[in-house]
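*Asks:* Before I ask anything, let me first share the structure, which is written out below as structure tokens.
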Amino acid sequence: MTTRWMRYVRLWWLLIVLCYRHEPARTVTALVLRVVGVGTIPAIALLLREAVDSGAAAAAGTGSARAAILAAVGMAVAYTVNAVVEREIWSLGIDLTDRVGLLELDPEIIRAVCGVETMDHLERTDFLDRVTALQGASWQVMFSAWGALDGLFNIARLVAVLALLGTVSPYLLLLLIFAVVPLWFDARGRRAMVRADTESAEDLRLSRHLFELATRSLPGKEIRVSGAGPVIGEMQEQAFRRAKEMLFRAQLEGAIWRTGGWTVFTAGFGAALWFVVHQTMNGTGTVGDLVLAITVAANLRMAVQQAVDSSTAAALAGRKSTHYLWLREYVDEQRSRPRGTGRAPLALTDGIRLRDVTFAYPGTGHNAVDGVSVHIPAGSVVAVVGEYGSGKTTLVKMLCKFHRPTGGAILVDGTDLGAIEAESWWAGMSVVFQDFGRYRTTFREVVGLGDLPAREDDQRIAEALAAADGQVLLDRLPDGLDTMMGKDLGGVELSEGQWQKTALARACMRREPLLFVLDEPTASLDAPSEQAIFEHYMNRARDIASRTGAITLIVSHRFSTVSGADLILVMESGRLVQHGTHEHLLAAGGSYAELHTLTSDAYTRR
Ligand SMILES: Nc1ncnc2c1ncn2[C@@H]1O[C@H](COP(=O)(O)OP(=O)(O)OP(=O)(O)O)[C@@H](O)[C@H]1O
């Protein structure tokens with residue numbers, strides 16, 4: 001429990017320091033206003049008692065009217081300061097949470113998500129739930145820190161107010177118990193909300209996904225033809241309803257707790273007022289005491305209300321900081337795991353050796369890649385073939401260091417890939433995956449992103465386009481390299497084949513990658529076109545390989561298009577069932593020979 005609170009306190013402290021670093025003047029002003037705000041209510045109450053008692057004494061001829069007037073003026077000043085401070089605290093708070101929250105935290109969340117060495121987290125639903133909950137909510141994370149600080153200042157205000165009540169009668173300090181009950185009850189209600197927020201995230205994500213599925217153009221075509229629209233609509237509604245019902249139940253639970261808390265407080269407040277009136281009537285207190293007690297007790301209610309409101313607001317926003325904190329801790333934990341620190345080689349001499357490499361996706365219980373052992377010689381073009389779901393992509397992702405093997409080892413020129421720094425390994429790679437990015441930015445960046453330092457170099461971009469046979473594409477764009485891509489941002493929309501060309505061009509930006517991966521970027525093309533592209537890249541790869549020993553990996557589920565590779569790996573249910581050259585595999589018979597003949601015949605007949 002203590003550790004949990006300490007984690008939050010540390011987070012809030014970091015967030016306030018972040019505010020100070022980016023907005024020092026605003027942060028200091030916000031803190032000073034809060035300190036001033038603590039003293040204003042007690043000052044008003046004290047000056048009011050002084051004004052009433054001095055006024056009464058002056059009327060009875062036992063005191064001076066001057067003291068009463070001074071106290072009244074002081075009270076008016078304190079009242080004005082209080083009003084100004086409250087207003088400014090509010091507007092400064094919004095300003096700070098917006099500025100620092102949106103400008104600093106969003107990029108930090110992106111860095112955190114991208115900074116984890118492997119990609120396992122992007123395939124974990126709990127991770128995705130947290131990131132979904134954080135989307136567009138970074139201002140709330142920041143707000144939770146200021147809300148928590150407000151909670152502290154409101155408690156200080158409560159203590160000051162109670163101390164004043166104690167000067168009227170120590171019995172009135174009992175009101176503290178009644179003041180704490182609403183806070184405690186409120187915390188119970190909030191816990192229910194946090195729980196519901198996490199539990200409903202998956203349904204909300206599903207509902208958003210279904211909405212996009214039905215309203216976007218790509219899947220929309222299939223949905224129209226299959227008539228699945230109403231079914232998707234119904235599924236979306238059910239998912240949304242489930243999530244909302246969960247949240248509504250939690251809200252109801254919260255409201256019941258809050259109402260209970262305030263009922264207890266109101267009972268205590270009434271009893272306290274009755275007690276002070278009784279004391280004044282007995283002559284054990286002055287009229288000033290009575291006025292002070294009423295003012296302070298009324299403000300006590302307000303102070304409690306503010307403490308509850310600020311802690312509720314902080315906790316509502318805190319639901320987001322729970323996710324943010326979880327994300328930070330997850331990322332820290334991942335980063336603290338032993339990770340590679342060695343530099344990737346600049347050239348390969350031996351190549352890559354896989355020793356009994358095994359991998360299971362978290363929570364699946366079966367191996368997507370199962371005990372693969374093979375030597376991929378330096379300078380070779382390797383094709384990985386196999387039926388759908390046979391483990392080709394998973395194997396390639398491990399070679400890309402996106403997943404750590406759950407068993408076995410991958411050796412790069414004799415060094416364990418795990419000991420090589422991921423960034424250094426990635427810096428020497430070029431990849432095109434089946435699900436390549438369709439970036440909504442200028443054409444220059446769409447291609448240039450393949451090699452960040454060269455993204456402004458028009459000559460390099462032209463070379464990459466030429467290597468990917470995409471020059472024609474550029475010629476047709478209205479603003480050349482500056483043309484914006486993607487209809488949704490007011491740019492030009494490309495066809496599937498054209499997007500594919502941009503992905504291939506992006507992969508050609510790095511001139512001499514050590515590992516070049518083509519994972520079925522041509523899946524939507526026919527077999528002859530795929531073969532032509534593969535041959536083009538195989539020739540390009542051999543040219544680079546002769547200088548650096550670079551390895552090219554080509555993934556395809558078509559056996560007929562990769563016969564020119566130096567080494568063919570045949571995958572079946574996660575296992576490497578055959579490997580060798582095309583000729584060797586044909587002569588050996590078995591899966592490759594059978595499936596090659598089958599697919600070649602099928603394509604020839606077309
Ligand atoms: N993110 C994931 N989480 C859980 N299981 C996965 C995930 N990705 C793939 N799998 C499973 O791992 C196995 C191998 O998948 P993989 O994508 O590597 O096959 P593949 O041969 O590349 O298939 P395809 O030709 O269809 O791209 C399959 O059983 C698949 O269902």
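By convention in this document, the chains of the structure tokens carry letters A, B, ... by their order, each chain's residues are numbered from 1, and ligands are numbered from 1 in the order they are shown.
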Excluding same-chain residues fewer than 5 positions from range 158-165 of chain A, what lies within 9 Å of it counting only C-alpha atoms, as a list in words?
*Replies:*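 The residues that qualify are Val38, Gly39, Ile41, Pro42, Ala45, Leu46, Phe153, Pro170, Tyr171, Leu172, Leu173, Leu175, Leu176, Ala179, Leu292, Ala293, Val296, Ala297, Asn299, Leu300, Ala303, Val304 and Ala307 of chain A.
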*Asks:* Could you turn the residues from that selection into a file that holds C-alpha atoms, as a PDB file, in the first residue's frame?
*Replies:*
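File out-v5.pdb, as written:
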ATOM      1  CA  VAL A  38      -4.564  28.291   2.430  1.00  0.00           C
ATOM      2  CA  GLY A  39      -4.458  31.399   4.635  1.00  0.00           C
ATOM      3  CA  ILE A  41     -10.340  31.615   4.804  1.00  0.00           C
ATOM      4  CA  PRO A  42      -8.893  31.568   8.345  1.00  0.00           C
ATOM      5  CA  ALA A  45     -12.977  34.250   9.835  1.00  0.00           C
ATOM      6  CA  LEU A  46     -10.549  35.808  12.344  1.00  0.00           C
ATOM      7  CA  PHE A 153      -3.308  22.310   0.050  1.00  0.00           C
ATOM      8  CA  PRO A 170     -11.989  21.793  21.563  1.00  0.00           C
ATOM      9  CA  TYR A 171     -15.141  19.640  21.126  1.00  0.00           C
ATOM     10  CA  LEU A 172     -15.576  21.172  17.685  1.00  0.00           C
ATOM     11  CA  LEU A 173     -12.404  19.363  16.600  1.00  0.00           C
ATOM     12  CA  LEU A 175     -15.900  17.669  13.246  1.00  0.00           C
ATOM     13  CA  LEU A 176     -12.677  16.385  11.698  1.00  0.00           C
ATOM     14  CA  ALA A 179     -15.016  15.721   7.542  1.00  0.00           C
ATOM     15  CA  LEU A 292     -16.514  32.764  13.594  1.00  0.00           C
ATOM     16  CA  ALA A 293     -17.846  29.273  14.218  1.00  0.00           C
ATOM     17  CA  VAL A 296     -15.584  28.560   9.694  1.00  0.00           C
ATOM     18  CA  ALA A 297     -18.007  25.660   9.853  1.00  0.00           C
ATOM     19  CA  ASN A 299     -16.157  27.048   5.097  1.00  0.00           C
ATOM     20  CA  LEU A 300     -15.282  23.716   6.589  1.00  0.00           C
ATOM     21  CA  ALA A 303     -13.018  23.029   2.364  1.00  0.00           C
ATOM     22  CA  VAL A 304     -14.134  19.403   2.624  1.00  0.00           C
ATOM     23  CA  ALA A 307     -10.780  18.478  -0.850  1.00  0.00           C
TER      24      ALA A 307
END
*Asks:* Find the residues of chain A that sit at most 9 Å from ligand 1; for each, write down the nearest two atoms and how far apart they are in Å, to one decimal. Count only C-alpha atoms and all ligand atoms. Sort by chain, then by number going up, and give it as CSV.
*Replies:*
residue,atom,partner,partner_atom_place_in_ligand_line,distance
A:Asp120,CA,ligand 1,1 (N),7.8
A:Leu122,CA,ligand 1,1 (N),8.2
A:Glu123,CA,ligand 1,1 (N),5.1
A:Arg124,CA,ligand 1,3 (N),8.0
A:Phe359,CA,ligand 1,12 (O),9.0
A:Ala360,CA,ligand 1,12 (O),7.6
A:Tyr361,CA,ligand 1,4 (C),4.9
A:Pro362,CA,ligand 1,4 (C),7.0
A:Gly363,CA,ligand 1,4 (C),7.6
A:Thr364,CA,ligand 1,4 (C),6.0
A:His366,CA,ligand 1,29 (O),8.3
A:Asn367,CA,ligand 1,12 (O),7.4
A:Ala368,CA,ligand 1,12 (O),4.3
A:Val369,CA,ligand 1,14 (C),7.0
A:Val384,CA,ligand 1,21 (O),8.8
A:Val385,CA,ligand 1,21 (O),7.7
A:Gly386,CA,ligand 1,21 (O),6.1
A:Glu387,CA,ligand 1,25 (O),6.0
A:Tyr388,CA,ligand 1,25 (O),3.7
A:Gly389,CA,ligand 1,19 (O),3.4
A:Ser390,CA,ligand 1,21 (O),3.7
A:Gly391,CA,ligand 1,18 (O),3.3
A:Lys392,CA,ligand 1,21 (O),3.9
A:Thr393,CA,ligand 1,22 (O),3.6
A:Thr394,CA,ligand 1,18 (O),3.7
A:Leu395,CA,ligand 1,18 (O),6.4
A:Val396,CA,ligand 1,18 (O),8.0
A:Lys397,CA,ligand 1,18 (O),8.3
A:Gln434,CA,ligand 1,27 (O),7.7
A:Asp519,CA,ligand 1,22 (O),8.2
A:Glu520,CA,ligand 1,27 (O),7.6
A:Val555,CA,ligand 1,22 (O),7.9
A:Ser556,CA,ligand 1,25 (O),7.0
A:His557,CA,ligand 1,25 (O),5.7
A:Met571,CA,ligand 1,21 (O),7.4
A:Glu572,CA,ligand 1,21 (O),8.1
A:Ser573,CA,ligand 1,29 (O),7.4
A:Gly574,CA,ligand 1,14 (C),6.5
*Asks:* What does the file look like for those residues with C-alpha atoms, as a CSV table (one decimal), in the first residue's frame?
*Replies:*
chain,number,residue,atom,x,y,z
A,120,ASP,CA,6.0,-8.4,-27.8
A,122,LEU,CA,2.5,-4.5,-29.2
A,123,GLU,CA,0.8,-7.9,-29.3
A,124,ARG,CA,-0.3,-7.9,-25.6
A,359,PHE,CA,9.4,-18.9,-30.1
A,360,ALA,CA,5.9,-18.9,-28.6
A,361,TYR,CA,3.7,-15.8,-28.6
A,362,PRO,CA,2.8,-14.9,-25.0
A,363,GLY,CA,-0.3,-16.6,-23.9
A,364,THR,CA,-0.7,-18.9,-26.9
A,366,HIS,CA,2.2,-23.3,-28.7
A,367,ASN,CA,5.5,-22.7,-30.6
A,368,ALA,CA,5.1,-20.5,-33.7
A,369,VAL,CA,8.7,-21.3,-34.5
A,384,VAL,CA,11.7,-18.6,-46.6
A,385,VAL,CA,8.7,-20.5,-47.9
A,386,GLY,CA,5.8,-22.3,-46.4
A,387,GLU,CA,2.0,-22.4,-46.1
A,388,TYR,CA,0.1,-19.7,-44.4
A,389,GLY,CA,0.8,-19.6,-40.6
A,390,SER,CA,3.8,-21.9,-40.9
A,391,GLY,CA,6.0,-19.4,-38.9
A,392,LYS,CA,7.9,-17.6,-41.7
A,393,THR,CA,7.2,-14.1,-40.5
A,394,THR,CA,7.8,-15.0,-36.9
A,395,LEU,CA,11.2,-16.4,-37.8
A,396,VAL,CA,12.1,-13.3,-39.8
A,397,LYS,CA,10.9,-11.0,-36.9
A,434,GLN,CA,3.3,-7.4,-45.7
A,519,ASP,CA,8.3,-10.3,-46.2
A,520,GLU,CA,5.6,-10.8,-48.8
A,555,VAL,CA,9.5,-14.5,-47.6
A,556,SER,CA,6.8,-16.0,-49.7
A,557,HIS,CA,4.1,-18.6,-49.5
A,571,MET,CA,8.7,-24.1,-43.0
A,572,GLU,CA,5.8,-26.3,-41.8
A,573,SER,CA,3.9,-25.7,-38.6
A,574,GLY,CA,6.8,-23.7,-37.1
*Asks:* Between A:Ala468, A:Met235, A:Ala347, A:Val17, which has the minimum distance to Thr548 in chain A (counting only C-alpha atoms)?
*Replies:* A:Ala347
*Asks:* If you count only C-alpha atoms, which residues fall within 12 Å of Ser321 in chain A, apart from same-chain ones fewer than 3 positions away, as a PyMOL selection string?
*Replies:* chain A and resi 7-12+15+101+105+109+130-131+133-135+137-148+194+314-318+324-329
*Asks:* With only C-alpha atoms as the atoms that count, which of A:Met509, A:Glu117, A:Phe248, A:Leu103 lies nearest to Phe402 in chain A?
*Replies:* A:Glu117
*Asks:* Applying 12 Å and only C-alpha atoms, which residues near range 52-60 of chain A remain after dropping the ones on its own chain fewer than 3 positions away? List them as a list in words.
*Replies:*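 My list of contacting residues is Ala45, Leu46, Leu47, Leu48, Arg49, Gly63, Ser64, Ala65, Arg66, Ala67, Ala68, Ile69, Leu70, Ala71, Ala72, Met75, Gly285, Thr286, Val287, Gly288, Asp289, Leu290, Val291 and Leu292 of chain A.
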*Asks:* Any chance you could export the current selection's N, CA and C atoms as an mmCIF file, in the first residue's frame?
*Replies:*
data_model
loop_
_atom_site.group_PDB
_atom_site.id
_atom_site.type_symbol
_atom_site.label_atom_id
_atom_site.label_comp_id
_atom_site.auth_asym_id
_atom_site.auth_seq_id
_atom_site.Cartn_x
_atom_site.Cartn_y
_atom_site.Cartn_z
ATOM 1 N N ALA A 45 -12.231 34.607 8.626
ATOM 2 C CA ALA A 45 -12.977 34.250 9.835
ATOM 3 C C ALA A 45 -12.471 35.021 11.064
ATOM 4 N N LEU A 46 -11.125 35.104 11.190
ATOM 5 C CA LEU A 46 -10.549 35.808 12.344
ATOM 6 C C LEU A 46 -10.907 37.290 12.328
ATOM 7 N N LEU A 47 -10.798 37.901 11.126
ATOM 8 C CA LEU A 47 -11.091 39.337 11.010
ATOM 9 C C LEU A 47 -12.580 39.602 11.248
ATOM 10 N N LEU A 48 -13.415 38.652 10.844
ATOM 11 C CA LEU A 48 -14.860 38.794 11.063
ATOM 12 C C LEU A 48 -15.165 38.783 12.562
ATOM 13 N N ARG A 49 -14.530 37.824 13.290
ATOM 14 C CA ARG A 49 -14.761 37.767 14.738
ATOM 15 C C ARG A 49 -14.290 39.067 15.398
ATOM 16 N N GLY A 63 -14.880 49.731 23.968
ATOM 17 C CA GLY A 63 -13.783 49.565 23.000
ATOM 18 C C GLY A 63 -13.877 50.638 21.936
ATOM 19 N N SER A 64 -12.856 50.612 20.974
ATOM 20 C CA SER A 64 -12.860 51.662 19.951
ATOM 21 C C SER A 64 -13.458 51.131 18.658
ATOM 22 N N ALA A 65 -14.146 52.040 17.945
ATOM 23 C CA ALA A 65 -14.763 51.677 16.666
ATOM 24 C C ALA A 65 -13.686 51.457 15.617
ATOM 25 N N ARG A 66 -12.479 52.086 15.836
ATOM 26 C CA ARG A 66 -11.413 52.016 14.844
ATOM 27 C C ARG A 66 -10.980 50.544 14.602
ATOM 28 N N ALA A 67 -10.861 49.792 15.710
ATOM 29 C CA ALA A 67 -10.453 48.387 15.588
ATOM 30 C C ALA A 67 -11.466 47.616 14.743
ATOM 31 N N ALA A 68 -12.760 47.897 14.967
ATOM 32 C CA ALA A 68 -13.814 47.199 14.220
ATOM 33 C C ALA A 68 -13.730 47.536 12.739
ATOM 34 N N ILE A 69 -13.490 48.852 12.441
ATOM 35 C CA ILE A 69 -13.425 49.275 11.033
ATOM 36 C C ILE A 69 -12.211 48.637 10.337
ATOM 37 N N LEU A 70 -11.060 48.675 11.052
ATOM 38 C CA LEU A 70 -9.837 48.078 10.465
ATOM 39 C C LEU A 70 -10.045 46.594 10.165
ATOM 40 N N ALA A 71 -10.667 45.884 11.127
ATOM 41 C CA ALA A 71 -10.914 44.455 10.927
ATOM 42 C C ALA A 71 -11.842 44.226 9.742
ATOM 43 N N ALA A 72 -12.873 45.081 9.606
ATOM 44 C CA ALA A 72 -13.819 44.926 8.497
ATOM 45 C C ALA A 72 -13.124 45.160 7.158
ATOM 46 N N MET A 75 -10.952 42.271 6.376
ATOM 47 C CA MET A 75 -11.760 41.132 5.943
ATOM 48 C C MET A 75 -12.135 41.260 4.467
ATOM 49 N N GLY A 285 -19.403 31.831 25.416
ATOM 50 C CA GLY A 285 -18.726 32.291 24.193
ATOM 51 C C GLY A 285 -19.265 33.650 23.813
ATOM 52 N N THR A 286 -18.494 34.374 22.960
ATOM 53 C CA THR A 286 -18.957 35.702 22.530
ATOM 54 C C THR A 286 -19.757 35.552 21.245
ATOM 55 N N VAL A 287 -20.406 36.683 20.863
ATOM 56 C CA VAL A 287 -21.133 36.659 19.580
ATOM 57 C C VAL A 287 -20.128 36.488 18.448
ATOM 58 N N GLY A 288 -18.934 37.110 18.629
ATOM 59 C CA GLY A 288 -17.860 36.957 17.627
ATOM 60 C C GLY A 288 -17.503 35.500 17.438
ATOM 61 N N ASP A 289 -17.452 34.737 18.576
ATOM 62 C CA ASP A 289 -17.160 33.299 18.471
ATOM 63 C C ASP A 289 -18.214 32.594 17.644
ATOM 64 N N LEU A 290 -19.474 32.990 17.907
ATOM 65 C CA LEU A 290 -20.576 32.352 17.171
ATOM 66 C C LEU A 290 -20.434 32.624 15.668
ATOM 67 N N VAL A 291 -20.157 33.930 15.339
ATOM 68 C CA VAL A 291 -20.012 34.290 13.920
ATOM 69 C C VAL A 291 -18.819 33.535 13.322
ATOM 70 N N LEU A 292 -17.697 33.476 14.094
ATOM 71 C CA LEU A 292 -16.514 32.764 13.594
ATOM 72 C C LEU A 292 -16.841 31.294 13.358
#
*Asks:* Counting only C-alpha atoms, figure out which residue out of A:Val447, A:Val472, A:Ala532, A:Leu348 gets nearest to Ala507 in chain A.
*Replies:* A:Val447
*Asks:* Extract the full set of alpha helix (DSSP H) residues from range 210-404 of chain A according to DSSP on the backbone, and format it as a PyMOL selection string.
*Replies:* chain A and resi 210-215+217-226+229-282+287-336+392-399
*Asks:* So how many Å separate CA of Ile155 in chain A and CA of Val181 in chain A, to one decimal?
*Replies:*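 Atom-to-atom, CA of Ile155 in chain A and CA of Val181 in chain A are spaced 13.6 Å apart.
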*Asks:* Work out how far apart CA of Thr522 in chain A and CA of Ala464 in chain A are and give it in Å to one decimal.
*Replies:*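 CA of Thr522 in chain A sits 17.7 Å away from CA of Ala464 in chain A.
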*Asks:* I need the residue nearest Glu535 in chain A from this list: A:Val381, A:Val357, A:Met398, A:Ala239. Use only C-alpha atoms for the distance.
*Replies:*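 Residue with the minimum atom-to-atom distance to Glu535 in chain A: A:Val381.
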*Asks:* Quick one: distance from CA of Thr40 in chain A to CA of Ala25 in chain A in Å, one decimal?
*Replies:*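 About the pair CA of Thr40 in chain A and CA of Ala25 in chain A: they are 22.7 Å apart.
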*Asks:* Rank A:Arg249, A:Glu212, A:Gly268, A:Ala462 by their smallest atom-to-atom distance to Ile232 in chain A, using only C-alpha atoms, and report the top residue only.
*Replies:*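 Using only C-alpha atoms, the shortest distance to Ile232 in chain A belongs to A:Glu212.
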*Asks:* Write out as a list in words each polymer residue whose atoms come within 7 Å of Ala550 in chain A, counting only C-alpha atoms; drop sequence neighbours fewer than 5 positions from it.
*Replies:*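 My list of contacting residues is Ala347, Leu348, Ala378, Gly379, Pro513, Leu514, Leu515, Ile544 and Ala545 of chain A.
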*Asks:* Which neighbours of Ile551 in chain A fall inside 12 Å, counting only C-alpha atoms, when residues of the same chain fewer than 5 positions from it are skipped, and could you give them as a ChimeraX atom specification?
*Replies:* /A:347-352,375-383,399-400,412-413,428-431,512-518,537-538,540-546,565-567
*Asks:* Find the residues near range 476-486 of chain A: any atom within 8 Å, counting only C-alpha atoms, skip ones fewer than 5 places away on the same chain, and give them as an mmCIF file with N, CA and C atoms, in the first residue's frame.
*Replies:*
data_model
loop_
_atom_site.group_PDB
_atom_site.id
_atom_site.type_symbol
_atom_site.label_atom_id
_atom_site.label_comp_id
_atom_site.auth_asym_id
_atom_site.auth_seq_id
_atom_site.Cartn_x
_atom_site.Cartn_y
_atom_site.Cartn_z
ATOM 1 N N TYR A 439 2.110 5.922 -44.822
ATOM 2 C CA TYR A 439 2.274 7.137 -44.025
ATOM 3 C C TYR A 439 1.575 8.331 -44.657
ATOM 4 N N ARG A 440 0.877 9.071 -43.809
ATOM 5 C CA ARG A 440 0.188 10.275 -44.295
ATOM 6 C C ARG A 440 1.099 11.474 -44.072
ATOM 7 N N THR A 441 1.986 11.693 -45.023
ATOM 8 C CA THR A 441 2.887 12.837 -44.942
ATOM 9 C C THR A 441 3.353 13.141 -46.374
ATOM 10 N N THR A 442 4.387 13.966 -46.532
ATOM 11 C CA THR A 442 4.797 14.281 -47.911
ATOM 12 C C THR A 442 5.458 13.057 -48.549
ATOM 13 N N PHE A 443 5.428 13.035 -49.870
ATOM 14 C CA PHE A 443 6.015 11.894 -50.578
ATOM 15 C C PHE A 443 7.502 11.769 -50.232
ATOM 16 N N ARG A 444 8.151 12.934 -50.050
ATOM 17 C CA ARG A 444 9.579 12.928 -49.706
ATOM 18 C C ARG A 444 9.807 12.110 -48.424
ATOM 19 N N GLY A 491 -4.492 14.924 -49.171
ATOM 20 C CA GLY A 491 -3.437 14.629 -50.143
ATOM 21 C C GLY A 491 -3.902 13.688 -51.230
ATOM 22 N N VAL A 492 -2.926 13.131 -51.920
ATOM 23 C CA VAL A 492 -3.206 12.236 -53.042
ATOM 24 C C VAL A 492 -3.291 10.803 -52.524
ATOM 25 N N GLU A 493 -4.290 10.061 -53.002
ATOM 26 C CA GLU A 493 -4.392 8.670 -52.569
ATOM 27 C C GLU A 493 -3.684 7.787 -53.595
ATOM 28 N N LEU A 494 -3.010 6.766 -53.110
ATOM 29 C CA LEU A 494 -2.297 5.871 -54.016
ATOM 30 C C LEU A 494 -3.031 4.538 -54.112
#
*Asks:* Tell me which of A:Glu496, A:Thr415, A:Ala454, A:Gln279 sits closest to Gly437 in chain A, counting only C-alpha atoms.
*Replies:*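 Closest candidate: A:Glu496.
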